[in-house]
>>> print(open('protein-v3.cif').read())   # mmCIF, C-alpha atoms
data_target
#
loop_
_atom_site.label_atom_id
_atom_site.label_comp_id
_atom_site.auth_asym_id
_atom_site.auth_seq_id
_atom_site.Cartn_x
_atom_site.Cartn_y
_atom_site.Cartn_z
CA MET A 1 95.65 60.80 35.43
CA THR A 2 96.25 63.96 37.48
CA GLN A 3 99.40 65.90 36.71
CA LEU A 4 101.31 68.33 38.94
CA ARG A 5 104.03 70.49 37.41
CA PHE A 6 106.92 71.28 39.75
CA MET A 7 109.36 73.97 38.58
CA THR A 8 112.68 74.33 40.36
CA GLU A 9 115.57 76.76 40.04
CA PHE A 10 117.98 74.24 41.62
CA GLN A 11 120.35 72.37 39.33
CA ASN A 12 120.48 69.20 41.43
CA VAL A 13 117.08 67.51 41.17
CA ASN A 14 117.94 64.23 42.88
CA ARG A 15 115.87 64.97 45.99
CA ILE A 16 112.90 66.18 43.95
CA ALA A 17 113.14 63.06 41.79
CA ALA A 18 113.12 60.91 44.93
CA ALA A 19 110.05 62.76 46.22
CA LYS A 20 108.33 62.29 42.86
CA GLU A 21 109.01 58.54 42.90
CA SER A 22 107.78 57.95 46.45
CA PHE A 23 104.74 60.24 46.08
CA GLU A 24 103.63 58.65 42.80
CA ARG A 25 104.04 55.21 44.35
CA ALA A 26 101.78 56.19 47.26
CA ASN A 27 99.29 58.03 45.01
CA PRO A 28 98.44 55.97 41.90
CA GLY A 29 97.02 58.15 39.18
CA VAL A 30 99.20 61.17 40.05
CA THR A 31 102.18 62.24 37.96
CA ILE A 32 104.74 64.83 39.05
CA VAL A 33 106.40 66.59 36.13
CA ILE A 34 109.73 68.21 37.09
CA GLU A 35 110.81 71.27 35.13
CA GLN A 36 113.83 73.52 35.59
CA SER A 37 114.30 77.25 35.26
CA THR A 38 117.56 79.13 35.53
CA ASP A 39 116.37 82.10 37.58
CA HIS A 40 113.45 84.17 38.89
CA TYR A 41 112.88 85.64 35.43
CA GLU A 42 112.21 82.25 33.86
CA SER A 43 110.04 81.18 36.80
CA LEU A 44 107.91 84.32 36.48
CA ARG A 45 107.62 83.88 32.74
CA ALA A 46 106.45 80.29 33.28
CA PHE A 47 103.86 81.49 35.79
CA GLN A 48 102.51 83.98 33.25
CA SER A 49 102.13 81.31 30.57
CA GLU A 50 98.95 79.36 29.84
CA GLU A 51 100.44 76.23 31.43
CA ALA A 52 101.72 77.68 34.68
CA PRO A 53 103.43 75.27 37.09
CA ASP A 54 101.55 74.10 40.16
CA LEU A 55 104.60 74.58 42.37
CA ILE A 56 107.74 76.70 42.10
CA GLU A 57 110.94 76.20 44.07
CA SER A 58 113.60 78.90 44.25
CA GLY A 59 117.02 79.23 45.85
CA GLY A 60 116.19 82.78 46.90
CA TRP A 61 113.30 84.08 48.93
CA SER A 62 112.56 87.39 47.14
CA LEU A 63 110.31 85.59 44.64
CA TYR A 64 107.93 84.78 47.51
CA ASN A 65 107.53 88.43 48.47
CA ARG A 66 105.58 89.07 45.27
CA GLU A 67 101.85 89.55 45.59
CA ARG A 68 99.31 87.12 44.06
CA LEU A 69 101.95 84.65 42.92
CA PHE A 70 101.63 81.99 45.62
CA VAL A 71 98.83 80.47 47.67
CA ASP A 72 98.81 81.24 51.40
CA LEU A 73 99.91 78.03 53.12
CA ASN A 74 98.81 79.10 56.60
CA PRO A 75 95.46 77.24 56.41
CA TYR A 76 97.21 74.02 55.37
CA VAL A 77 99.68 74.32 58.23
CA ALA A 78 96.91 75.10 60.71
CA GLU A 79 94.83 72.06 59.72
CA THR A 80 97.76 69.66 60.09
CA PRO A 81 97.76 68.48 63.74
CA GLY A 82 100.90 69.53 65.63
CA LEU A 83 102.68 70.98 62.60
CA GLU A 84 102.85 74.62 63.71
CA ALA A 85 104.50 73.70 67.02
CA ASP A 86 106.87 71.33 65.23
CA LEU A 87 108.20 73.93 62.77
CA TYR A 88 111.31 75.88 63.68
CA ALA A 89 109.98 79.33 64.54
CA GLY A 90 112.88 81.40 63.18
CA PRO A 91 112.67 80.43 59.49
CA MET A 92 108.87 80.48 59.63
CA ARG A 93 108.92 83.99 61.11
CA ILE A 94 110.89 85.13 58.07
CA ALA A 95 108.85 83.09 55.61
CA ARG A 96 105.54 84.69 56.63
CA HIS A 97 105.16 87.77 54.46
CA LYS A 98 102.56 90.32 55.65
CA GLY A 99 100.89 87.52 57.59
CA ASN A 100 100.74 85.16 54.60
CA LEU A 101 102.88 82.07 54.14
CA PRO A 102 103.75 81.94 50.41
CA GLY A 103 106.17 79.02 50.68
CA LEU A 104 107.96 76.57 52.93
CA PRO A 105 111.65 77.31 53.52
CA VAL A 106 114.16 74.96 51.86
CA ASP A 107 117.95 74.81 51.62
CA MET A 108 118.45 76.67 54.90
CA SER A 109 121.90 77.62 56.16
CA VAL A 110 123.17 79.80 59.01
CA PRO A 111 126.75 80.88 59.81
CA LEU A 112 128.58 79.81 62.95
CA VAL A 113 132.26 79.80 63.88
CA VAL A 114 133.91 76.49 63.08
CA TYR A 115 137.33 76.19 64.74
CA LYS A 116 140.25 73.79 64.29
CA LYS A 117 140.98 72.25 67.68
CA GLU A 118 144.58 71.28 66.89
CA MET A 119 145.58 74.91 66.28
CA PHE A 120 144.12 75.97 69.62
CA ASP A 121 145.83 73.05 71.38
CA ARG A 122 149.18 73.82 69.81
CA ALA A 123 148.91 77.45 70.93
CA GLY A 124 147.79 76.46 74.42
CA LEU A 125 144.52 78.36 74.02
CA ALA A 126 141.12 77.37 75.38
CA TYR A 127 138.39 76.73 72.83
CA PRO A 128 135.88 79.57 72.37
CA THR A 129 132.67 79.37 74.39
CA GLU A 130 129.18 80.69 73.77
CA ASP A 131 129.72 83.76 75.95
CA TRP A 132 132.77 85.03 74.07
CA THR A 133 132.93 88.67 72.99
CA TRP A 134 134.23 90.38 69.87
CA GLU A 135 137.28 91.51 71.87
CA ALA A 136 138.00 87.92 72.94
CA PHE A 137 137.52 86.78 69.34
CA ILE A 138 140.08 89.32 68.09
CA ARG A 139 142.59 88.34 70.80
CA LEU A 140 142.30 84.68 69.83
CA ALA A 141 142.48 85.45 66.11
CA LYS A 142 145.66 87.52 66.60
CA SER A 143 147.30 84.76 68.64
CA LEU A 144 146.37 82.21 65.98
CA THR A 145 147.63 84.20 62.99
CA LEU A 146 151.17 83.04 62.21
CA ARG A 147 153.43 84.69 59.62
CA ASN A 148 156.92 83.93 58.37
CA GLU A 149 159.84 86.35 58.32
CA ASP A 150 158.53 87.88 55.09
CA GLY A 151 155.12 88.53 56.62
CA VAL A 152 153.35 85.81 54.63
CA ALA A 153 150.78 83.99 56.73
CA ARG A 154 151.01 80.23 57.04
CA GLN A 155 148.00 80.35 59.33
CA PHE A 156 145.18 82.87 59.65
CA GLY A 157 143.12 83.44 62.75
CA PHE A 158 139.83 83.74 60.87
CA GLY A 159 138.47 82.97 57.42
CA ILE A 160 135.45 84.73 55.93
CA GLY A 161 134.35 85.67 52.44
CA LEU A 162 134.28 89.28 51.27
CA ASP A 163 130.54 89.73 50.93
CA VAL A 164 127.83 92.04 52.24
CA GLU A 165 125.73 89.09 53.39
CA TRP A 166 128.57 87.35 55.22
CA TYR A 167 129.11 90.50 57.28
CA GLU A 168 125.41 90.96 58.01
CA PRO A 169 125.33 88.60 61.03
CA PHE A 170 127.84 90.84 62.81
CA VAL A 171 125.73 93.87 61.95
CA PHE A 172 122.69 92.15 63.45
CA ARG A 173 124.55 91.21 66.61
CA ASN A 174 125.64 94.82 67.04
CA GLY A 175 122.01 95.96 66.88
CA GLY A 176 122.25 97.25 63.31
CA ARG A 177 120.33 96.50 60.12
CA TYR A 178 120.78 97.11 56.42
CA LEU A 179 117.10 97.81 55.77
CA SER A 180 113.85 98.68 57.50
CA PRO A 181 111.73 95.66 58.57
CA ASP A 182 109.51 96.05 55.49
CA GLY A 183 112.50 96.40 53.16
CA THR A 184 111.36 99.73 51.73
CA THR A 185 114.32 101.88 52.81
CA ALA A 186 117.95 101.66 53.90
CA ARG A 187 117.98 105.20 55.27
CA GLY A 188 118.27 105.21 59.03
CA PHE A 189 119.39 101.58 59.04
CA VAL A 190 122.48 100.91 56.90
CA ASP A 191 123.77 104.35 57.89
CA SER A 192 122.98 103.89 61.60
CA SER A 193 125.75 104.12 64.20
CA ALA A 194 125.30 100.42 65.08
CA THR A 195 125.77 99.27 61.47
CA ILE A 196 128.71 101.64 60.90
CA GLU A 197 130.39 100.46 64.11
CA ALA A 198 130.04 96.80 63.11
CA TYR A 199 131.66 97.53 59.75
CA ARG A 200 134.49 99.45 61.37
CA LEU A 201 135.26 96.43 63.54
CA ILE A 202 135.21 94.11 60.52
CA VAL A 203 137.48 96.40 58.52
CA GLU A 204 139.87 96.68 61.48
CA ALA A 205 140.05 92.89 61.70
CA HIS A 206 141.32 92.93 58.11
CA ARG A 207 143.46 96.04 57.99
CA VAL A 208 144.65 96.68 61.56
CA HIS A 209 144.73 93.27 63.24
CA ARG A 210 145.41 91.40 59.97
CA VAL A 211 143.72 88.24 61.21
CA ILE A 212 141.71 87.81 57.99
CA ARG A 213 143.36 87.35 54.62
CA LEU A 214 143.24 90.54 52.57
CA PRO A 215 142.03 90.31 48.97
CA ASP A 216 144.92 89.08 46.77
CA GLU A 217 147.22 88.80 49.81
CA PRO A 218 149.97 86.15 49.36
CA SER A 219 149.24 83.17 51.59
CA ALA A 220 150.76 79.86 52.58
CA ALA A 221 147.73 78.88 54.63
CA GLY A 222 146.08 76.65 52.04
CA HIS A 223 142.35 76.02 52.02
CA LEU A 224 139.90 77.01 54.75
CA HIS A 225 139.97 73.58 56.39
CA GLU A 226 143.78 73.59 56.39
CA GLY A 227 145.33 76.86 57.53
CA PHE A 228 142.53 78.84 59.20
CA ALA A 229 142.07 78.47 62.95
CA MET A 230 138.49 79.77 62.82
CA VAL A 231 136.11 79.95 59.88
CA CYS A 232 132.76 81.62 59.32
CA GLY A 233 131.17 78.30 58.48
CA PHE A 234 127.75 78.02 56.91
CA MET A 235 125.98 74.66 56.91
CA TRP A 236 127.63 73.77 53.60
CA PHE A 237 131.12 74.04 55.10
CA ALA A 238 130.21 71.84 58.06
CA ASP A 239 128.56 69.33 55.73
CA TRP A 240 131.73 69.18 53.63
CA LEU A 241 133.84 68.49 56.72
CA ILE A 242 131.50 65.70 57.80
CA GLU A 243 131.35 64.21 54.30
CA HIS A 244 135.16 64.08 54.14
CA LYS A 245 135.41 62.70 57.69
CA LEU A 246 137.30 65.74 58.97
CA ASP A 247 134.71 66.91 61.47
CA ASP A 248 136.46 65.30 64.47
CA GLN A 249 139.21 67.91 63.99
CA PHE A 250 136.78 70.78 64.45
CA GLY A 251 134.45 72.32 67.00
CA VAL A 252 131.60 74.77 66.47
CA VAL A 253 130.44 77.77 68.49
CA GLY A 254 128.08 80.71 68.06
CA LEU A 255 129.27 84.02 66.63
CA PRO A 256 131.03 86.31 69.13
CA HIS A 257 128.89 88.82 70.97
CA MET A 258 129.20 92.32 69.52
CA PRO A 259 129.15 95.54 71.57
CA GLY A 260 125.50 96.12 70.56
CA GLY A 261 124.52 93.06 72.54
CA GLU A 262 121.86 91.57 70.26
CA ARG A 263 121.45 87.81 69.89
CA SER A 264 120.66 87.45 66.22
CA ASN A 265 121.91 85.86 63.01
CA MET A 266 121.15 85.81 59.32
CA ILE A 267 119.89 82.84 57.33
CA TYR A 268 120.15 81.80 53.73
CA MET A 269 117.05 79.97 52.57
CA GLY A 270 115.09 79.28 49.46
CA GLY A 271 111.45 78.33 49.27
CA ALA A 272 108.89 76.10 47.61
CA GLY A 273 105.29 77.19 47.18
CA ILE A 274 102.00 76.51 45.40
CA THR A 275 101.15 78.96 42.63
CA THR A 276 97.78 80.70 42.55
CA LYS A 277 97.22 79.19 39.09
CA SER A 278 97.41 75.59 40.32
CA GLN A 279 94.29 73.60 39.46
CA HIS A 280 95.05 71.14 42.27
CA PRO A 281 96.21 73.17 45.29
CA ARG A 282 95.20 70.50 47.84
CA LEU A 283 97.16 67.80 46.02
CA ALA A 284 100.04 70.25 45.51
CA TRP A 285 100.13 70.79 49.29
CA GLU A 286 100.27 67.05 49.91
CA PHE A 287 103.27 66.78 47.60
CA LEU A 288 104.91 69.88 49.06
CA ARG A 289 104.52 68.52 52.58
CA HIS A 290 105.98 65.18 51.49
CA TYR A 291 108.90 66.83 49.72
CA VAL A 292 109.87 69.41 52.35
CA LEU A 293 108.68 67.95 55.65
CA GLU A 294 108.73 64.16 55.29
CA LEU A 295 111.46 63.14 52.86
CA PRO A 296 114.96 62.61 54.34
CA SER A 297 117.48 65.20 53.15
CA TRP A 298 121.02 66.41 53.73
CA GLN A 299 119.59 69.90 54.24
CA LEU A 300 118.75 71.36 57.63
CA PRO A 301 115.18 70.17 58.35
CA LEU A 302 112.31 72.57 58.95
CA THR A 303 110.73 70.56 61.76
CA ARG A 304 112.04 69.54 65.17
CA SER A 305 110.67 66.02 64.80
CA GLN A 306 112.60 65.47 61.57
CA ALA A 307 115.78 66.87 63.15
CA LYS A 308 115.36 64.46 66.06
CA ALA A 309 114.60 61.50 63.78
CA ARG A 310 117.79 62.17 61.82
CA GLY A 311 119.85 62.43 65.00
CA LEU A 312 120.75 66.06 64.34
CA THR A 313 119.64 67.33 67.75
CA GLU A 314 122.26 65.09 69.40
CA HIS A 315 124.98 65.44 66.75
CA ARG A 316 128.13 67.21 67.97
CA ILE A 317 128.13 69.61 64.98
CA TRP A 318 124.57 69.70 63.66
CA SER A 319 122.90 70.24 67.04
CA ARG A 320 124.44 73.72 67.25
CA TYR A 321 123.21 74.63 63.76
CA MET A 322 119.70 73.47 64.62
CA GLN A 323 119.77 75.55 67.80
CA GLU A 324 120.73 78.66 65.83
CA LEU A 325 117.53 78.50 63.77
CA ASP A 326 115.67 80.02 66.72
CA ASP A 327 117.67 83.28 66.48
CA VAL A 328 117.57 84.12 62.78
CA THR A 329 116.46 87.49 61.40
CA ALA A 330 115.25 88.51 57.94
CA SER A 331 118.24 89.79 55.98
CA GLY A 332 118.37 92.49 53.34
CA TYR A 333 118.66 89.76 50.73
CA TYR A 334 115.10 88.61 51.48
CA LEU A 335 113.54 91.99 52.19
CA SER A 336 114.37 93.81 48.97
CA GLU A 337 115.07 92.75 45.40
CA LYS A 338 116.51 96.19 44.74
CA TRP A 339 119.00 95.77 47.57
CA ASN A 340 119.92 92.30 46.37
CA SER A 341 120.40 93.47 42.78
CA SER A 342 122.94 96.01 44.08
CA ARG A 343 125.01 93.32 45.77
CA GLN A 344 127.99 93.56 43.40
CA LEU A 345 128.16 97.35 43.70
CA ILE A 346 128.10 97.03 47.49
CA ASN A 347 130.80 94.37 47.44
CA ASP A 348 132.94 96.62 45.25
CA ASP A 349 132.66 99.27 47.96
CA ILE A 350 133.56 96.72 50.64
CA LEU A 351 136.69 95.89 48.66
CA LYS A 352 137.64 99.57 48.79
CA LEU A 353 137.01 99.68 52.53
CA ILE A 354 139.35 96.77 53.12
CA LYS A 355 142.03 97.34 50.49
CA GLU A 356 142.12 101.13 50.34
CA GLY A 357 140.85 102.16 53.76
CA ALA A 358 137.90 104.14 52.39
CA ASP A 359 135.83 105.97 54.99
CA VAL A 360 133.33 103.54 56.54
CA ALA A 361 130.64 106.03 57.56
CA HIS A 362 130.71 107.84 54.20
CA THR A 363 130.55 104.54 52.30
CA LEU A 364 127.62 103.16 54.27
CA ARG A 365 125.71 106.41 53.94
CA SER A 366 126.07 106.06 50.18
CA TRP A 367 124.37 102.65 50.37
CA THR A 368 121.07 104.30 51.29
CA ARG A 369 120.50 104.67 47.53
CA PHE A 370 120.25 100.90 47.13
CA ALA A 371 116.83 100.58 48.79
#
>>> encode(input="protein-v3.cif", output="structure tokens")
Amino acid sequence: MTQLRFMTEFQNVNRIAAAKESFERANPGVTIVIEQSTDHYESLRAFQSEEAPDLIESGGWSLYNRERLFVDLNPYVAETPGLEADLYAGPMRIARHKGNLPGLPVDMSVPLVVYKKEMFDRAGLAYPTEDWTWEAFIRLAKSLTLRNEDGVARQFGFGIGLDVEWYEPFVFRNGGRYLSPDGTTARGFVDSSATIEAYRLIVEAHRVHRVIRLPDEPSAAGHLHEGFAMVCGFMWFADWLIEHKLDDQFGVVGLPHMPGGERSNMIYMGGAGITTKSQHPRLAWEFLRHYVLELPSWQLPLTRSQAKARGLTEHRIWSRYMQELDDVTASGYYLSEKWNSSRQLINDDILKLIKEGADVAHTLRSWTRFA
């Protein structure tokens, strides 16, 4: 009996359990042992033990930037007929670290603008189109923000979380970056004029135009799917709408074009890879391929053939998310663990920008210390 140990940092193991069942059925004599860890620290500790797992799956990509932890999957991809051309190039471009491929992307999600058609119809406004600009976005958001006589909004023009990563797509589209391409420094990037300008526009949307709910602001708008005309909607939001049969009420469009003129977006993704301590790397690859590339999933698929087989390329909502995978860029979250570990400090500063009107340029220059 050959045993493969699969360690995952995800709490929901239903899909892994399904992959285990179907793979063991097709490969008598092979047993997949599923183990869970709570974070990167536990995964690394397991790798350093005498019984290291054959495969590790993580919800974050920084684990796969470590040297000598994972097997390079490029040879396996290359020997599989047609696979390279079938893979979505954007996620794979990010996944390849210094030319190596330490893992296959899983749990991918990109942000788009999901809009509520009824609110546009009621206001007599045309739905946003792919060529819309930031200025057009702000005009629409202002028209769609409705307040009562006391100034309390019953409808907001735009909904977005207060988070450094949620603002990063707008930085990208303005030609800015948080970090250098190799993730070694923030100097010259997070403090660049393009990044500062993007943040000024975001802060103005909160403080000047008041189209986004301020932190702790009284609201009668309800939840995001209720009282927000447009939402920065990651795949999870769209999936929730579809699951609750609300998706017919909504449309989806790409992010507005920023003054910097770059067509780019960020992506959340985890990974699954074969450890360098695996005694059965070939068999581990067969299971990894089955799990990530062959097994049906609610997640965005990594291959075009799987997207087509699931009907996602023709789906009114999902087709736009699949299209966006071609334009993703490596975010600070994936480039630097140091930057990611400073996330809460950065978000505290963002809160001051929005609530207190702190100086944007000065604040972003101070972030150079985080990488």
>>> atom_distance(input="protein-v3.cif", atom1="CA of Thr145 (chain A)", atom2="CA of Gly254 (chain A)")
20.5 Å
>>> atom_distance(input="protein-v3.cif", atom1="CA of Phe6 (chain A)", atom2="CA of His40 (chain A)")
14.5 Å
>>> resolve_selection(input="protein-v3.cif", expression="the PyMOL selection byres ((chain A and resi 178) around 10)", output="ChimeraX atom specification")
/A:164-165,168,171-172,176-177,179-181,183,185-192,195,331-333,335,339,364,367-368,371
>>> closest_residue(input="protein-v3.cif", among="A:Tyr199, A:Trp298, A:Tyr291, A:Phe70", to="Ile242 (chain A)", atoms="all atoms listed in the file")
A:Trp298
>>> resolve_selection(input="protein-v3.cif", expression="the PyMOL selection byres ((chain A and resi 314-316) around 12)", output="JSON, numbers by chain")
{"A": [114, 238, 242, 247, 248, 249, 250, 251, 252, 253, 304, 307, 308, 309, 310, 311, 312, 313, 317, 318, 319, 320, 321, 322, 323]}
>>> resolve_selection(input="protein-v3.cif", expression="the PyMOL selection byres ((chain A and resi 361) around 9)", output="list in words")
Asp191, Ser192, Ser193, Ile196, Glu197, Tyr199, Arg200, Asp359, Val360, His362, Thr363, Leu364, Arg365 and Ser366 of chain A
>>> closest_residue(input="protein-v3.cif", among="A:Arg173, A:Leu288, A:His257, A:Leu300", to="Trp132 (chain A)", atoms="only C-alpha atoms")
A:His257
>>> closest_residue(input="protein-v3.cif", among="A:Leu146, A:Val33, A:Val106, A:Leu73", to="Arg210 (chain A)", atoms="all atoms listed in the file")
A:Leu146
>>> residues_near_point(input="protein-v3.cif", point="(103.9, 60.8, 37.3)", cutoff="10 Å", atoms="all atoms listed in the file", output="list in words")
Met1, Thr2, Gln3, Leu4, Arg5, Lys20, Glu21, Phe23, Glu24, Arg25, Asn27, Pro28, Gly29, Val30, Thr31, Ile32, Val33 and Ile34 of chain A
>>> atom_distance(input="protein-v3.cif", atom1="CA of Ile350 (chain A)", atom2="CA of Val203 (chain A)")
8.8 Å
>>> residues_around(input="protein-v3.cif", residues="Tyr88 (chain A)", least_positions_apart="3", cutoff="12 Å", atoms="only C-alpha atoms", output="MDAnalysis selection string")
chainID A and resid 83:85 91:95 104:105 108 293 300:307 321:328
>>> residues_around(input="protein-v3.cif", residues="Ser278 (chain A)", least_positions_apart="2", cutoff="9 Å", atoms="all atoms listed in the file", output="PyMOL selection string")
chain A and resi 4-5+52-55+71+274-276+280-281+284
>>> write_last_selection(input="protein-v3.cif", atoms="C-alpha atoms", output="mmCIF file, in the frame of the given file")
data_model
loop_
_atom_site.group_PDB
_atom_site.id
_atom_site.type_symbol
_atom_site.label_atom_id
_atom_site.label_comp_id
_atom_site.auth_asym_id
_atom_site.auth_seq_id
_atom_site.Cartn_x
_atom_site.Cartn_y
_atom_site.Cartn_z
ATOM 1 C CA LEU A 4 101.310 68.330 38.940
ATOM 2 C CA ARG A 5 104.030 70.490 37.410
ATOM 3 C CA ALA A 52 101.720 77.680 34.680
ATOM 4 C CA PRO A 53 103.430 75.270 37.090
ATOM 5 C CA ASP A 54 101.550 74.100 40.160
ATOM 6 C CA LEU A 55 104.600 74.580 42.370
ATOM 7 C CA VAL A 71 98.830 80.470 47.670
ATOM 8 C CA ILE A 274 102.000 76.510 45.400
ATOM 9 C CA THR A 275 101.150 78.960 42.630
ATOM 10 C CA THR A 276 97.780 80.700 42.550
ATOM 11 C CA HIS A 280 95.050 71.140 42.270
ATOM 12 C CA PRO A 281 96.210 73.170 45.290
ATOM 13 C CA ALA A 284 100.040 70.250 45.510
#
>>> residues_around(input="protein-v3.cif", residues="region 218-222 of chain A", least_positions_apart="6", cutoff="9 Å", atoms="all atoms listed in the file", output="ChimeraX atom specification")
/A:147,152-156,228
>>> closest_residue(input="protein-v3.cif", among="A:Asp150, A:Glu42, A:Asp107, A:Glu262", to="Phe234 (chain A)", atoms="all atoms listed in the file")
A:Asp107
>>> residues_around(input="protein-v3.cif", residues="Tyr127 (chain A)", least_positions_apart="6", cutoff="12 Å", atoms="all atoms listed in the file", output="PyMOL selection string")
chain A and resi 113-121+136-137+140-141+144+229-230+250-253
>>> residues_around(input="protein-v3.cif", residues="Asp348 (chain A)", least_positions_apart="5", cutoff="12 Å", atoms="all atoms listed in the file", output="list in words")
Leu162, Asp163, Val164, Pro215, Ser342, Arg343, Leu353, Ile354, Lys355, Glu356, Ala358, Thr363 and Trp367 of chain A
>>> write_last_selection(input="protein-v3.cif", atoms="C-alpha atoms", output="PDB file, keeping the file's coordinate frame")
ATOM      1  CA  LEU A 162     134.280  89.280  51.270  1.00  0.00           C
ATOM      2  CA  ASP A 163     130.540  89.730  50.930  1.00  0.00           C
ATOM      3  CA  VAL A 164     127.830  92.040  52.240  1.00  0.00           C
ATOM      4  CA  PRO A 215     142.030  90.310  48.970  1.00  0.00           C
ATOM      5  CA  SER A 342     122.940  96.010  44.080  1.00  0.00           C
ATOM      6  CA  ARG A 343     125.010  93.320  45.770  1.00  0.00           C
ATOM      7  CA  LEU A 353     137.010  99.680  52.530  1.00  0.00           C
ATOM      8  CA  ILE A 354     139.350  96.770  53.120  1.00  0.00           C
ATOM      9  CA  LYS A 355     142.030  97.340  50.490  1.00  0.00           C
ATOM     10  CA  GLU A 356     142.120 101.130  50.340  1.00  0.00           C
ATOM     11  CA  ALA A 358     137.900 104.140  52.390  1.00  0.00           C
ATOM     12  CA  THR A 363     130.550 104.540  52.300  1.00  0.00           C
ATOM     13  CA  TRP A 367     124.370 102.650  50.370  1.00  0.00           C
TER      14      TRP A 367
END
>>> closest_residue(input="protein-v3.cif", among="A:Asn74, A:Glu226, A:Met7, A:Gln279", to="Phe47 (chain A)", atoms="all atoms listed in the file")
A:Met7
>>> closest_residue(input="protein-v3.cif", among="A:Glu286, A:Met258, A:Arg369, A:Tyr334", to="Ala26 (chain A)", atoms="all atoms listed in the file")
A:Glu286
>>> build_atoms(input="protein-v3.cif", residues="region 238-250 of chain A", atoms="N, CA and C atoms", output="short mmCIF file (atom, residue, chain, number, x, y, z; two decimals), in the frame of the given file")
data_model
loop_
_atom_site.label_atom_id
_atom_site.label_comp_id
_atom_site.auth_asym_id
_atom_site.auth_seq_id
_atom_site.Cartn_x
_atom_site.Cartn_y
_atom_site.Cartn_z
N ALA A 238 130.27 72.92 57.08
CA ALA A 238 130.21 71.84 58.06
C ALA A 238 129.86 70.52 57.39
N ASP A 239 128.94 70.54 56.44
CA ASP A 239 128.56 69.33 55.73
C ASP A 239 129.74 68.75 54.95
N TRP A 240 130.55 69.64 54.37
CA TRP A 240 131.73 69.18 53.63
C TRP A 240 132.72 68.51 54.57
N LEU A 241 132.93 69.09 55.74
CA LEU A 241 133.84 68.49 56.72
C LEU A 241 133.37 67.10 57.13
N ILE A 242 132.06 66.98 57.37
CA ILE A 242 131.50 65.70 57.80
C ILE A 242 131.60 64.68 56.67
N GLU A 243 131.29 65.12 55.45
CA GLU A 243 131.35 64.21 54.30
C GLU A 243 132.76 63.66 54.10
N HIS A 244 133.77 64.51 54.34
CA HIS A 244 135.16 64.08 54.14
C HIS A 244 135.80 63.55 55.42
N LYS A 245 134.96 63.30 56.42
CA LYS A 245 135.41 62.70 57.69
C LYS A 245 136.52 63.52 58.36
N LEU A 246 136.35 64.83 58.31
CA LEU A 246 137.30 65.74 58.97
C LEU A 246 136.68 66.40 60.18
N ASP A 247 135.42 66.14 60.45
CA ASP A 247 134.71 66.91 61.47
C ASP A 247 135.24 66.67 62.88
N ASP A 248 135.90 65.53 63.13
CA ASP A 248 136.46 65.30 64.47
C ASP A 248 137.57 66.30 64.80
N GLN A 249 138.13 66.94 63.78
CA GLN A 249 139.21 67.91 63.99
C GLN A 249 138.67 69.29 64.38
N PHE A 250 137.36 69.45 64.30
CA PHE A 250 136.78 70.78 64.45
C PHE A 250 135.72 70.83 65.55
#
